[in-house]
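Coordinates from query-v4.cif are shown below (mmCIF, C-alpha atoms and all ligand atoms).
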```
data_query
loop_
_atom_site.label_atom_id
_atom_site.label_comp_id
_atom_site.auth_asym_id
_atom_site.auth_seq_id
_atom_site.Cartn_x
_atom_site.Cartn_y
_atom_site.Cartn_z
CA MET E 367 -19.53 -6.55 30.32
CA LEU E 368 -17.99 -3.39 31.76
CA ALA E 369 -15.24 -1.98 29.56
CA GLN E 370 -12.90 -1.75 32.55
CA GLU E 371 -13.39 -5.46 33.33
CA PHE E 372 -12.64 -6.32 29.71
CA ILE E 373 -9.43 -4.26 29.82
CA ARG E 374 -8.47 -5.79 33.21
CA LYS E 375 -8.76 -9.27 31.71
CA LYS E 376 -6.29 -8.46 28.92
CA ARG E 377 -4.07 -6.54 31.33
CA ASP E 378 -3.85 -9.77 33.38
CA ASP E 379 -3.08 -11.74 30.19
CA ALA E 380 -6.27 -13.80 30.16
CA GLU E 381 -7.93 -14.99 26.94
CA LEU E 382 -10.85 -12.83 25.78
CA ALA E 383 -14.02 -14.42 24.40
CA ALA E 384 -15.11 -13.51 20.85
CA GLU E 385 -18.41 -12.11 22.21
CA GLU E 386 -16.56 -9.82 24.65
CA ILE E 387 -14.35 -8.54 21.86
CA ALA E 388 -17.39 -7.90 19.65
CA GLU E 389 -19.09 -6.00 22.48
CA PHE E 390 -16.03 -3.78 23.04
CA VAL E 391 -15.77 -3.07 19.30
CA THR E 392 -19.45 -2.11 19.23
CA GLY E 393 -18.58 0.33 22.01
CA ILE E 394 -15.76 1.78 19.89
CA THR E 395 -18.18 2.34 17.00
CA ASP E 396 -21.09 3.75 19.00
CA GLU E 397 -18.71 5.74 21.25
CA SER E 398 -19.94 4.14 24.46
CA VAL E 399 -16.30 3.34 25.28
CA THR E 400 -13.98 6.29 25.77
CA ASP E 401 -10.66 7.09 24.07
CA ALA E 402 -8.96 6.38 27.43
CA GLN E 403 -10.46 2.87 27.51
CA ILE E 404 -9.48 2.19 23.89
CA SER E 405 -5.97 3.34 24.63
CA ALA E 406 -5.69 1.21 27.81
CA PHE E 407 -6.88 -1.83 25.87
CA ALA E 408 -4.39 -1.12 23.06
CA MET E 409 -1.53 -0.88 25.58
CA ALA E 410 -2.63 -4.10 27.29
CA VAL E 411 -2.54 -5.83 23.87
CA PHE E 412 0.79 -4.19 23.05
CA PHE E 413 2.34 -5.90 26.11
CA ASN E 414 0.32 -9.13 26.33
CA SER E 415 -0.55 -9.67 22.64
CA LEU E 416 -3.60 -11.54 21.35
CA SER E 417 -3.92 -15.20 20.43
CA SER E 418 -4.81 -16.12 16.83
CA ARG E 419 -8.36 -16.80 17.94
CA GLU E 420 -8.65 -13.38 19.61
CA THR E 421 -7.10 -11.65 16.59
CA VAL E 422 -9.61 -13.33 14.25
CA ALA E 423 -12.44 -12.22 16.58
CA LEU E 424 -11.14 -8.62 16.65
CA THR E 425 -10.74 -8.59 12.86
CA LEU E 426 -14.27 -9.88 12.25
CA ALA E 427 -15.80 -7.51 14.82
CA MET E 428 -14.07 -4.52 13.19
CA ARG E 429 -15.02 -5.74 9.71
CA ASP E 430 -18.65 -5.94 10.84
CA SER E 431 -18.60 -2.49 12.47
CA GLY E 432 -19.78 -1.05 9.13
CA ALA E 433 -20.93 -2.13 5.68
CA VAL E 434 -19.54 -5.32 4.12
CA LEU E 435 -19.61 -5.21 0.33
CA GLU E 436 -21.13 -8.03 -1.67
CA TRP E 437 -20.33 -9.03 -5.24
CA GLN E 438 -23.13 -11.48 -5.97
CA GLY E 439 -24.08 -11.40 -9.61
CA ILE E 440 -20.55 -10.69 -10.81
CA GLU E 441 -19.33 -13.86 -12.45
CA LYS E 442 -15.62 -13.44 -11.71
CA PRO E 443 -13.43 -14.35 -8.75
CA ILE E 444 -13.05 -11.21 -6.62
CA VAL E 445 -9.46 -10.68 -5.48
CA ASP E 446 -7.36 -7.80 -4.15
CA LYS E 447 -3.85 -7.03 -2.95
CA HIS E 448 -2.75 -5.10 0.11
CA SER E 449 0.72 -3.64 0.49
CA THR E 450 2.16 -2.58 3.83
CA GLY E 451 3.49 0.45 1.95
CA GLY E 452 6.75 1.73 0.59
CA VAL E 453 8.52 4.38 -1.46
CA GLY E 454 8.06 4.35 -5.22
CA ASP E 455 5.49 1.60 -4.71
CA ASN E 456 3.03 2.20 -7.56
CA VAL E 457 2.46 -1.54 -8.08
CA SER E 458 -1.34 -1.29 -7.64
CA LEU E 459 -1.72 0.89 -10.74
CA MET E 460 -0.36 -1.85 -12.99
CA LEU E 461 -1.36 -4.88 -10.98
CA ALA E 462 -5.12 -4.23 -10.91
CA PRO E 463 -5.47 -3.99 -14.73
CA ILE E 464 -3.11 -6.94 -15.36
CA VAL E 465 -5.13 -9.21 -13.05
CA ALA E 466 -8.42 -7.88 -14.43
CA ALA E 467 -7.22 -8.63 -17.96
CA CYS E 468 -6.68 -12.25 -16.87
CA GLY E 469 -10.31 -12.65 -15.82
CA ALA E 470 -10.57 -11.65 -12.14
CA GLY E 471 -12.54 -8.77 -10.64
CA VAL E 472 -10.31 -6.41 -8.66
CA PRO E 473 -12.09 -3.97 -6.34
CA MET E 474 -8.99 -2.23 -5.05
CA ILE E 475 -9.71 -0.12 -1.99
CA SER E 476 -6.58 1.90 -1.35
CA GLY E 477 -5.31 4.28 1.27
CA ARG E 478 -3.70 7.69 1.41
CA GLY E 479 0.00 8.15 2.22
CA LEU E 480 1.01 7.17 5.75
CA GLY E 481 4.17 8.76 7.21
CA HIS E 482 7.00 8.53 4.67
CA THR E 483 5.16 6.02 2.45
CA GLY E 484 3.08 7.07 -0.54
CA GLY E 485 -0.62 6.28 -0.95
CA THR E 486 -2.22 4.84 -4.09
CA LEU E 487 -5.20 7.13 -3.66
CA ASP E 488 -3.06 10.28 -3.63
CA LYS E 489 -1.43 9.05 -6.84
CA MET E 490 -4.77 8.42 -8.57
CA ASP E 491 -5.94 11.87 -7.48
CA SER E 492 -3.22 13.31 -9.78
CA ILE E 493 -5.45 12.34 -12.70
CA PRO E 494 -7.81 15.24 -13.51
CA GLY E 495 -11.46 14.33 -12.95
CA TYR E 496 -10.72 10.90 -11.46
CA MET E 497 -13.28 10.09 -8.75
CA SER E 498 -11.47 8.18 -6.06
CA GLN E 499 -14.62 8.14 -3.89
CA PRO E 500 -17.42 6.98 -6.24
CA GLY E 501 -20.61 5.57 -4.70
CA ASN E 502 -20.86 1.81 -4.19
CA GLN E 503 -23.04 1.49 -7.30
CA LEU E 504 -20.48 2.99 -9.67
CA PHE E 505 -17.68 1.07 -7.95
CA ARG E 506 -19.54 -2.19 -8.59
CA LYS E 507 -20.37 -1.25 -12.18
CA VAL E 508 -16.73 -0.49 -13.01
CA VAL E 509 -15.47 -3.73 -11.42
CA ASP E 510 -18.12 -5.64 -13.36
CA GLU E 511 -17.73 -3.95 -16.75
CA VAL E 512 -14.04 -2.96 -16.81
CA GLY E 513 -12.62 -5.55 -14.40
CA CYS E 514 -10.95 -3.31 -11.81
CA ALA E 515 -11.51 -0.07 -9.94
CA ILE E 516 -8.98 1.67 -7.71
CA ILE E 517 -10.84 3.76 -5.16
CA GLY E 518 -10.54 5.14 -1.62
CA GLN E 519 -12.00 3.73 1.53
CA THR E 520 -15.54 4.94 2.12
CA ARG E 521 -16.60 6.10 5.58
CA ASP E 522 -18.91 3.15 6.08
CA LEU E 523 -16.18 0.47 5.77
CA ALA E 524 -14.76 -0.66 9.15
CA PRO E 525 -15.48 2.57 11.06
CA ALA E 526 -14.28 0.97 14.33
CA ASP E 527 -10.78 0.73 12.86
CA LYS E 528 -10.77 4.42 11.97
CA ARG E 529 -11.38 5.39 15.61
CA PHE E 530 -9.16 2.65 17.05
CA TYR E 531 -6.26 3.55 14.73
CA GLY E 532 -6.63 7.27 15.57
CA VAL E 533 -6.18 6.46 19.27
CA ARG E 534 -3.27 4.04 18.64
CA ASP E 535 -1.53 6.63 16.51
CA VAL E 536 -1.22 9.04 19.46
CA THR E 537 -0.64 6.49 22.25
CA ALA E 538 2.44 4.62 20.92
CA THR E 539 0.45 1.45 20.29
CA VAL E 540 0.59 1.16 16.50
CA GLU E 541 3.47 -1.34 16.54
CA SER E 542 1.57 -4.39 17.75
CA ILE E 543 1.32 -7.28 15.28
CA PRO E 544 -2.22 -8.40 16.30
CA LEU E 545 -3.51 -4.81 16.23
CA ILE E 546 -1.90 -4.10 12.84
CA THR E 547 -3.31 -7.37 11.54
CA ALA E 548 -6.86 -6.65 12.69
CA SER E 549 -6.63 -3.08 11.38
CA ILE E 550 -5.42 -4.03 7.90
CA LEU E 551 -7.64 -7.07 7.49
CA SER E 552 -10.86 -5.56 8.84
CA LYS E 553 -10.73 -2.97 6.04
CA LYS E 554 -9.79 -5.48 3.35
CA LEU E 555 -12.36 -8.08 4.42
CA ALA E 556 -15.11 -5.43 4.51
CA ALA E 557 -14.59 -5.25 0.75
CA GLY E 558 -16.17 -8.72 0.52
CA LEU E 559 -13.17 -10.33 -1.19
CA GLY E 560 -13.04 -13.96 -2.24
CA SER E 561 -9.26 -13.97 -1.84
CA LEU E 562 -6.37 -11.67 -1.00
CA VAL E 563 -2.63 -11.37 -1.61
CA LEU E 564 -0.48 -9.37 0.80
CA ASP E 565 2.70 -7.58 -0.22
CA VAL E 566 4.59 -7.29 3.06
CA LYS E 567 7.64 -5.08 2.68
CA PHE E 568 10.86 -5.17 4.64
CA GLY E 569 13.94 -2.93 4.45
CA SER E 570 14.79 0.70 5.14
CA GLY E 571 11.69 2.11 3.39
CA ALA E 572 9.22 -0.31 4.96
CA PHE E 573 6.88 0.21 7.85
CA MET E 574 8.37 -3.01 9.39
CA ALA E 575 12.04 -2.57 8.51
CA ALA E 576 13.51 -5.79 9.98
CA TYR E 577 13.05 -8.89 7.82
CA GLU E 578 12.08 -11.13 10.76
CA ASP E 579 9.46 -8.62 11.98
CA ALA E 580 7.99 -8.36 8.49
CA LYS E 581 7.92 -12.15 8.23
CA ASP E 582 6.13 -12.40 11.61
CA LEU E 583 3.59 -9.83 10.43
CA ALA E 584 3.08 -11.67 7.11
CA THR E 585 2.63 -15.00 8.91
CA THR E 586 0.07 -13.55 11.33
CA LEU E 587 -1.80 -11.73 8.54
CA VAL E 588 -2.03 -14.91 6.46
CA ARG E 589 -3.10 -17.05 9.42
CA VAL E 590 -5.76 -14.59 10.60
CA ALA E 591 -7.15 -13.82 7.12
CA ASN E 592 -7.53 -17.53 6.37
CA GLY E 593 -9.00 -18.02 9.87
CA ALA E 594 -11.53 -15.30 9.03
CA GLY E 595 -12.52 -17.22 5.89
CA THR E 596 -10.65 -15.34 3.13
CA LYS E 597 -8.08 -17.37 1.19
CA THR E 598 -4.87 -15.36 1.56
CA THR E 599 -1.15 -15.65 0.82
CA ALA E 600 1.70 -13.14 1.18
CA LEU E 601 4.91 -12.24 -0.59
CA LEU E 602 7.76 -10.65 1.35
CA THR E 603 9.30 -8.01 -0.89
CA ASP E 604 12.39 -5.84 -0.66
CA MET E 605 11.98 -2.16 0.21
CA ASP E 606 15.68 -1.50 0.86
CA GLN E 607 15.60 0.88 -2.10
CA PRO E 608 12.71 2.65 -3.87
CA LEU E 609 10.79 0.15 -6.01
CA ALA E 610 10.06 2.40 -8.99
CA SER E 611 12.60 4.95 -10.21
CA ALA E 612 9.97 7.60 -9.38
CA ALA E 613 8.57 8.64 -5.99
CA GLY E 614 5.74 11.12 -5.64
CA ASN E 615 2.26 11.28 -7.11
CA ALA E 616 1.97 12.46 -10.74
CA VAL E 617 5.52 11.18 -11.36
CA GLU E 618 4.51 7.68 -10.20
CA VAL E 619 1.38 7.73 -12.37
CA ARG E 620 3.59 8.66 -15.33
CA ASN E 621 5.94 5.80 -14.41
CA ALA E 622 2.95 3.42 -14.23
CA VAL E 623 1.61 4.44 -17.66
CA GLU E 624 5.07 4.02 -19.17
CA PHE E 625 5.30 0.60 -17.51
CA LEU E 626 1.93 -0.47 -18.95
CA THR E 627 2.72 0.78 -22.47
CA GLY E 628 6.21 -0.73 -22.33
CA ALA E 629 7.92 2.64 -22.85
CA HIS E 630 9.89 2.20 -19.62
CA ARG E 631 9.90 -0.60 -17.03
CA ASP E 632 11.98 -0.56 -13.86
CA PRO E 633 13.21 -4.17 -13.48
CA ARG E 634 12.54 -4.60 -9.73
CA LEU E 635 9.10 -3.06 -10.10
CA GLU E 636 8.37 -5.44 -12.96
CA ALA E 637 9.50 -8.47 -10.93
CA VAL E 638 7.32 -7.56 -7.93
CA THR E 639 4.27 -6.61 -10.01
CA LEU E 640 4.30 -9.79 -12.07
CA ALA E 641 4.97 -11.99 -9.03
CA LEU E 642 1.97 -10.46 -7.25
CA ALA E 643 -0.19 -10.79 -10.37
CA ALA E 644 0.63 -14.50 -10.69
CA GLU E 645 -0.02 -14.98 -6.96
CA MET E 646 -3.44 -13.30 -7.28
CA LEU E 647 -4.39 -15.53 -10.21
CA VAL E 648 -3.46 -18.65 -8.24
CA VAL E 649 -5.06 -17.64 -4.94
CA SER E 650 -8.29 -16.59 -6.67
CA GLY E 651 -8.46 -19.84 -8.63
CA VAL E 652 -8.20 -18.19 -12.09
CA GLU E 653 -5.14 -20.42 -12.66
CA SER E 654 -4.02 -23.45 -10.71
CA ASP E 655 -0.49 -23.66 -12.06
CA PRO E 656 1.94 -20.90 -10.93
CA ALA E 657 3.94 -21.07 -14.19
CA ASN E 658 0.77 -20.62 -16.26
CA ALA E 659 -0.31 -17.77 -13.98
CA ALA E 660 3.04 -16.03 -14.54
CA ALA E 661 2.81 -16.50 -18.33
CA LYS E 662 -0.79 -15.25 -18.39
CA SER E 663 0.11 -12.12 -16.40
CA ARG E 664 3.03 -11.30 -18.67
CA ALA E 665 0.91 -11.83 -21.78
CA ALA E 666 -1.79 -9.43 -20.48
CA LEU E 667 0.91 -6.81 -19.99
CA GLU E 668 2.76 -7.38 -23.27
CA ASP E 669 -0.23 -7.61 -25.61
CA GLY E 670 -1.73 -4.31 -24.43
CA ARG E 671 -4.84 -5.65 -22.66
CA ALA E 672 -3.68 -4.33 -19.28
CA VAL E 673 -3.03 -0.80 -20.51
CA GLU E 674 -6.38 -0.76 -22.28
CA ILE E 675 -8.15 -1.76 -19.05
CA PHE E 676 -6.26 0.94 -17.13
CA ASP E 677 -7.39 3.54 -19.67
CA ARG E 678 -11.01 2.36 -19.50
CA MET E 679 -10.97 2.35 -15.68
CA VAL E 680 -9.67 5.93 -15.57
CA HIS E 681 -12.39 7.09 -17.93
CA ALA E 682 -15.16 5.09 -16.22
CA LEU E 683 -14.23 6.82 -12.96
CA GLY E 684 -14.39 10.33 -14.40
CA GLY E 685 -10.89 10.82 -15.85
CA PRO E 686 -10.03 11.75 -19.46
CA SER E 687 -11.06 9.33 -22.22
CA ASP E 688 -7.54 9.47 -23.71
CA PHE E 689 -5.48 9.45 -20.53
CA VAL E 690 -2.92 6.85 -21.65
CA SER E 691 -2.15 8.62 -24.94
CA GLY E 692 -2.38 12.10 -23.40
CA TYR E 693 -0.92 11.62 -19.90
CA ASP E 694 1.86 14.10 -20.53
CA ARG E 695 -0.73 16.85 -21.03
CA TYR E 696 -2.89 15.81 -18.10
CA LEU E 697 -0.38 15.26 -15.31
CA ALA E 698 0.80 18.31 -13.34
CA LYS E 699 4.45 19.32 -13.66
CA ALA E 700 6.58 21.09 -11.06
CA PRO E 701 8.19 24.41 -12.07
CA LEU E 702 11.70 23.32 -11.11
CA VAL E 703 13.36 20.07 -12.19
CA ASN E 704 16.96 19.82 -11.01
CA PRO E 705 19.43 16.94 -10.71
CA VAL E 706 21.09 15.73 -7.52
CA LEU E 707 24.69 15.00 -8.48
CA ALA E 708 26.95 12.23 -7.16
CA SER E 709 29.65 13.67 -4.92
CA ARG E 710 32.15 10.95 -5.86
CA SER E 711 32.64 8.07 -8.28
CA GLY E 712 31.77 4.53 -7.23
CA HIS E 713 28.73 2.28 -6.93
CA VAL E 714 25.38 3.14 -5.41
CA GLY E 715 25.43 1.03 -2.25
CA SER E 716 22.64 1.08 0.25
CA VAL E 717 19.80 3.57 -0.13
CA GLU E 718 18.25 4.85 3.11
CA THR E 719 14.82 4.60 1.52
CA ARG E 720 12.84 6.14 4.35
CA SER E 721 14.75 9.42 3.80
CA VAL E 722 13.78 9.39 0.11
CA GLY E 723 10.14 9.10 1.22
CA VAL E 724 10.59 11.90 3.75
CA ALA E 725 12.13 14.08 1.00
CA VAL E 726 8.95 13.60 -1.06
CA VAL E 727 6.78 14.54 1.94
CA GLU E 728 8.89 17.67 2.54
CA LEU E 729 8.58 18.66 -1.12
CA GLY E 730 4.81 18.67 -0.52
CA GLY E 731 4.07 15.27 -2.10
CA GLY E 732 2.90 13.83 1.26
CA ARG E 733 1.21 15.13 4.38
CA ARG E 734 2.80 16.47 7.56
CA THR E 735 -0.63 16.58 9.21
CA ARG E 736 -3.84 14.78 8.28
CA SER E 737 -5.44 17.92 6.85
CA ASP E 738 -2.53 18.90 4.54
CA GLU E 739 -3.24 19.25 0.81
CA ILE E 740 -0.99 17.18 -1.45
CA ASP E 741 1.07 18.82 -4.20
CA HIS E 742 0.67 16.22 -6.95
CA ALA E 743 3.32 17.72 -9.23
CA VAL E 744 6.39 17.40 -6.98
CA GLY E 745 8.50 14.29 -6.47
CA ILE E 746 11.63 12.52 -7.59
CA THR E 747 12.39 10.69 -10.84
CA GLY E 748 15.33 8.81 -12.32
CA LEU E 749 16.28 7.29 -8.94
CA LEU E 750 19.26 5.04 -9.58
CA PRO E 751 19.02 1.48 -8.29
CA ALA E 752 21.55 0.04 -5.83
CA GLY E 753 24.63 -1.28 -7.60
CA THR E 754 24.66 1.34 -10.38
CA ARG E 755 28.16 2.57 -11.32
CA VAL E 756 28.34 6.39 -11.20
CA GLU E 757 31.02 8.96 -11.90
CA LYS E 758 31.36 12.09 -9.79
CA GLY E 759 28.83 14.65 -11.09
CA ASP E 760 26.43 12.07 -12.57
CA PRO E 761 22.76 12.60 -11.62
CA LEU E 762 21.54 10.26 -8.86
CA CYS E 763 18.00 11.44 -9.55
CA MET E 764 15.95 14.47 -10.64
CA VAL E 765 14.02 16.46 -8.04
CA HIS E 766 10.72 18.07 -9.12
CA ALA E 767 10.19 20.98 -6.71
CA ARG E 768 8.07 24.09 -6.22
CA ASN E 769 11.09 26.31 -5.48
CA GLU E 770 14.87 26.42 -4.89
CA ALA E 771 14.64 26.15 -1.10
CA GLU E 772 12.55 22.98 -1.29
CA PHE E 773 14.84 21.53 -3.96
CA GLU E 774 17.85 22.18 -1.70
CA ALA E 775 16.20 20.49 1.33
CA ALA E 776 15.39 17.42 -0.80
CA ARG E 777 18.89 17.39 -2.31
CA GLU E 778 20.48 17.32 1.15
CA ARG E 779 18.32 14.39 2.24
CA ILE E 780 19.02 12.41 -0.92
CA MET E 781 22.79 13.00 -0.66
CA VAL E 782 22.69 11.46 2.84
CA ALA E 783 20.33 8.65 1.76
CA TYR E 784 22.53 7.55 -1.17
CA ALA E 785 25.75 5.89 0.05
CA ILE E 786 28.31 5.61 -2.76
CA GLY E 787 31.03 3.04 -2.13
CA ASP E 788 33.89 1.40 -3.98
CA GLU E 789 32.24 -2.00 -4.26
CA ALA E 790 28.87 -2.83 -5.80
CA PRO E 791 26.59 -4.46 -3.17
CA GLU E 792 25.35 -8.02 -3.67
CA PRO E 793 22.10 -7.82 -5.68
CA ALA E 794 19.13 -8.65 -3.43
CA PRO E 795 16.10 -10.54 -4.80
CA SER E 796 12.96 -8.37 -5.06
CA VAL E 797 10.73 -11.16 -3.79
CA ALA E 798 12.33 -12.82 -0.79
CA ASP E 799 9.69 -15.30 0.36
CA ARG E 800 6.13 -16.56 -0.03
CA ILE E 801 3.92 -17.25 2.96
CA THR E 802 0.94 -19.56 2.58
CA GLY E 803 -1.71 -20.59 5.08
N1 LIG W 901 -1.79 0.19 8.37
C1 LIG W 901 -3.05 0.03 8.86
O1 LIG W 901 -4.01 0.13 8.11
N2 LIG W 901 -3.21 -0.24 10.16
C2 LIG W 901 -2.18 -0.37 11.03
O2 LIG W 901 -2.40 -0.63 12.19
C3 LIG W 901 -0.87 -0.19 10.53
C4 LIG W 901 -0.70 0.08 9.18
#
```
Spell out the structure here as structure tokens.
Ligand code: URA
Amino acid sequence: MLAQEFIRKKRDDAELAAEEIAEFVTGITDESVTDAQISAFAMAVFFNSLSSRETVALTLAMRDSGAVLEWQGIEKPIVDKHSTGGVGDNVSLMLAPIVAACGAGVPMISGRGLGHTGGTLDKMDSIPGYMSQPGNQLFRKVVDEVGCAIIGQTRDLAPADKRFYGVRDVTATVESIPLITASILSKKLAAGLGSLVLDVKFGSGAFMAAYEDAKDLATTLVRVANGAGTKTTALLTDMDQPLASAAGNAVEVRNAVEFLTGAHRDPRLEAVTLALAAEMLVVSGVESDPANAAAKSRAALEDGRAVEIFDRMVHALGGPSDFVSGYDRYLAKAPLVNPVLASRSGHVGSVETRSVGVAVVELGGGRRTRSDEIDHAVGITGLLPAGTRVEKGDPLCMVHARNEAEFEAARERIMVAYAIGDEAPEPAPSVADRITG
């Protein structure tokens, strides 16, 4: 079929056949369709959407545009989590070892930071020696022997999505639920998972800020992933304030190690991590009863098995053999650590979380352009949760910066992001809903 006829069909809101979609995706991968044709198709979908059937077909075609991993021979249920991204969202670092400690295999293929949101891979790259791009053989060995491996996406997984997303990014066509769904799921399903849990965020720091939009996305993701043959559920979680009290790279790894050892646990982060862990155990069939799954996850955290697995994973992937006991020596530190002080007394009300993420990017902890190098040392710690009572002059957080000018820019953003009012806001639950197939 001619690409222009395929685009015309969607432009005129007709249903596309799975074979036509597969042919167009082949053209994306082998470059026989042009960027202009990809962009016209994306805009046609943006306005006319895709049915569930078409979205499943697009997801499977993009999944099959490259390698699909296989886990035969590993006698554990293979399960992963995908988050739509947030600020202070270091859940993956604790979740993978907790779930692995409970008996599942967790091949966690993570991304780099996108816009104002942090990326798990950038965080793991703060660990000296850690190989976030090991070959498939080492990846498999670590999942088999340790239980989990957090790595980056290899070039050969869903290459059609890489090109398609690049075109969408510069043609105002990212915000289409079927296209987002196919993009996210093609990469996850190429990892050959038995089951998947999605952490779909809503709130001021989320990619989909409005609750109803996030719920629509979660519902479509769950429907399409199950339609594509991977048992999947989703939790809708609150990103109306940073999840951890730290945002950045090395600072979030530090926060994760302290969470795993029990030295410090942010309550909302703990609630979301353990809810996702229990969900992964149920969806993967490790546990059938949600209450048992929750108890099992907590036990793996409290009795030290999860932290031990994290330490072994770091070492197996090239990091120090004593990372957990020596993290303070290994993680980079910024030269300047200054507080941002409350300008009045009251309660921390709403937190414009996106601005906190942008402050981290401007400090150098994220990328302004794709080719930017990350500064792993900078970031923010001690972020106060909504509802905290503060007196004028109390620290709202600590900024870890390269220099005074960058500290000042971050301070100004955080002052605007943190609204301090007379009344404490109603506490919001961290996990708002669960979406099943
Ligand atoms: N993340 C992705 O991987 N793809 C999208 O389309 C949007 C967010």
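Pairwise distance (CA of Arg710 in chain E, CA of Gly730 in chain E) equals 28.9 Å.
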Within 9 Å of ligand LIG 901 (chain W), which residues of chain E come that close, and what is the closest atom pair and distance in Å for each? Count only C-alpha atoms and all ligand atoms and give it as a Markdown table.
```
| residue | atom | partner | partner_atom | distance |
| --- | --- | --- | --- | --- |
| E:Thr450 | CA | W:LIG901 | C4 | 6.6 |
| E:Gly451 | CA | W:LIG901 | N1 | 8.3 |
| E:Gly477 | CA | W:LIG901 | O1 | 8.1 |
| E:Leu480 | CA | W:LIG901 | N1 | 8.0 |
| E:Asp527 | CA | W:LIG901 | N2 | 8.1 |
| E:Lys528 | CA | W:LIG901 | O1 | 8.9 |
| E:Phe530 | CA | W:LIG901 | O2 | 8.9 |
| E:Tyr531 | CA | W:LIG901 | O2 | 6.2 |
| E:Arg534 | CA | W:LIG901 | O2 | 8.0 |
| E:Asp535 | CA | W:LIG901 | O2 | 8.5 |
| E:Thr539 | CA | W:LIG901 | O2 | 8.8 |
| E:Val540 | CA | W:LIG901 | O2 | 5.5 |
| E:Glu541 | CA | W:LIG901 | O2 | 7.3 |
| E:Ser542 | CA | W:LIG901 | O2 | 7.8 |
| E:Ile543 | CA | W:LIG901 | O2 | 8.2 |
| E:Pro544 | CA | W:LIG901 | O2 | 8.8 |
| E:Leu545 | CA | W:LIG901 | O2 | 5.9 |
| E:Ile546 | CA | W:LIG901 | O2 | 3.6 |
| E:Thr547 | CA | W:LIG901 | O2 | 6.8 |
| E:Ala548 | CA | W:LIG901 | O2 | 7.5 |
| E:Ser549 | CA | W:LIG901 | N2 | 4.6 |
| E:Ile550 | CA | W:LIG901 | O1 | 4.4 |
| E:Leu551 | CA | W:LIG901 | O1 | 8.1 |
| E:Ser552 | CA | W:LIG901 | O1 | 8.9 |
| E:Lys553 | CA | W:LIG901 | O1 | 7.7 |
| E:Phe573 | CA | W:LIG901 | C4 | 7.7 |
```
Open item on the list: Could you list, as a ChimeraX atom specification, every residue within 8 Å of Leu640 in chain E, counting only C-alpha atoms and ignoring same-chain residues fewer than 5 positions away?
Closed with: /E:461,660,663-664
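Among the candidate residues E:Lys597, E:Lys442, E:Arg678, E:Arg800, the one lying nearest to Ile516 in chain E is E:Arg678, with distances computed using all atoms listed in the file.
In terms of minimum interatomic distance to His766 in chain E, E:Ala700 ranks closest within E:Ala708, E:Ala700, E:Val797, E:Val726, counting only C-alpha atoms.
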Open item on the list: Excluding Lys554 in chain E and its own-chain neighbours fewer than 2 positions away, which residues fall within 12 Å of it when counting all atoms listed in the file? Please give them as number ranges by chain.
Closed with: E: 425-426, 428-430, 433-435, 444-449, 473-477, 518-520, 523-524, 527, 547-552, 556-564, 587, 591, 594, 596, 598
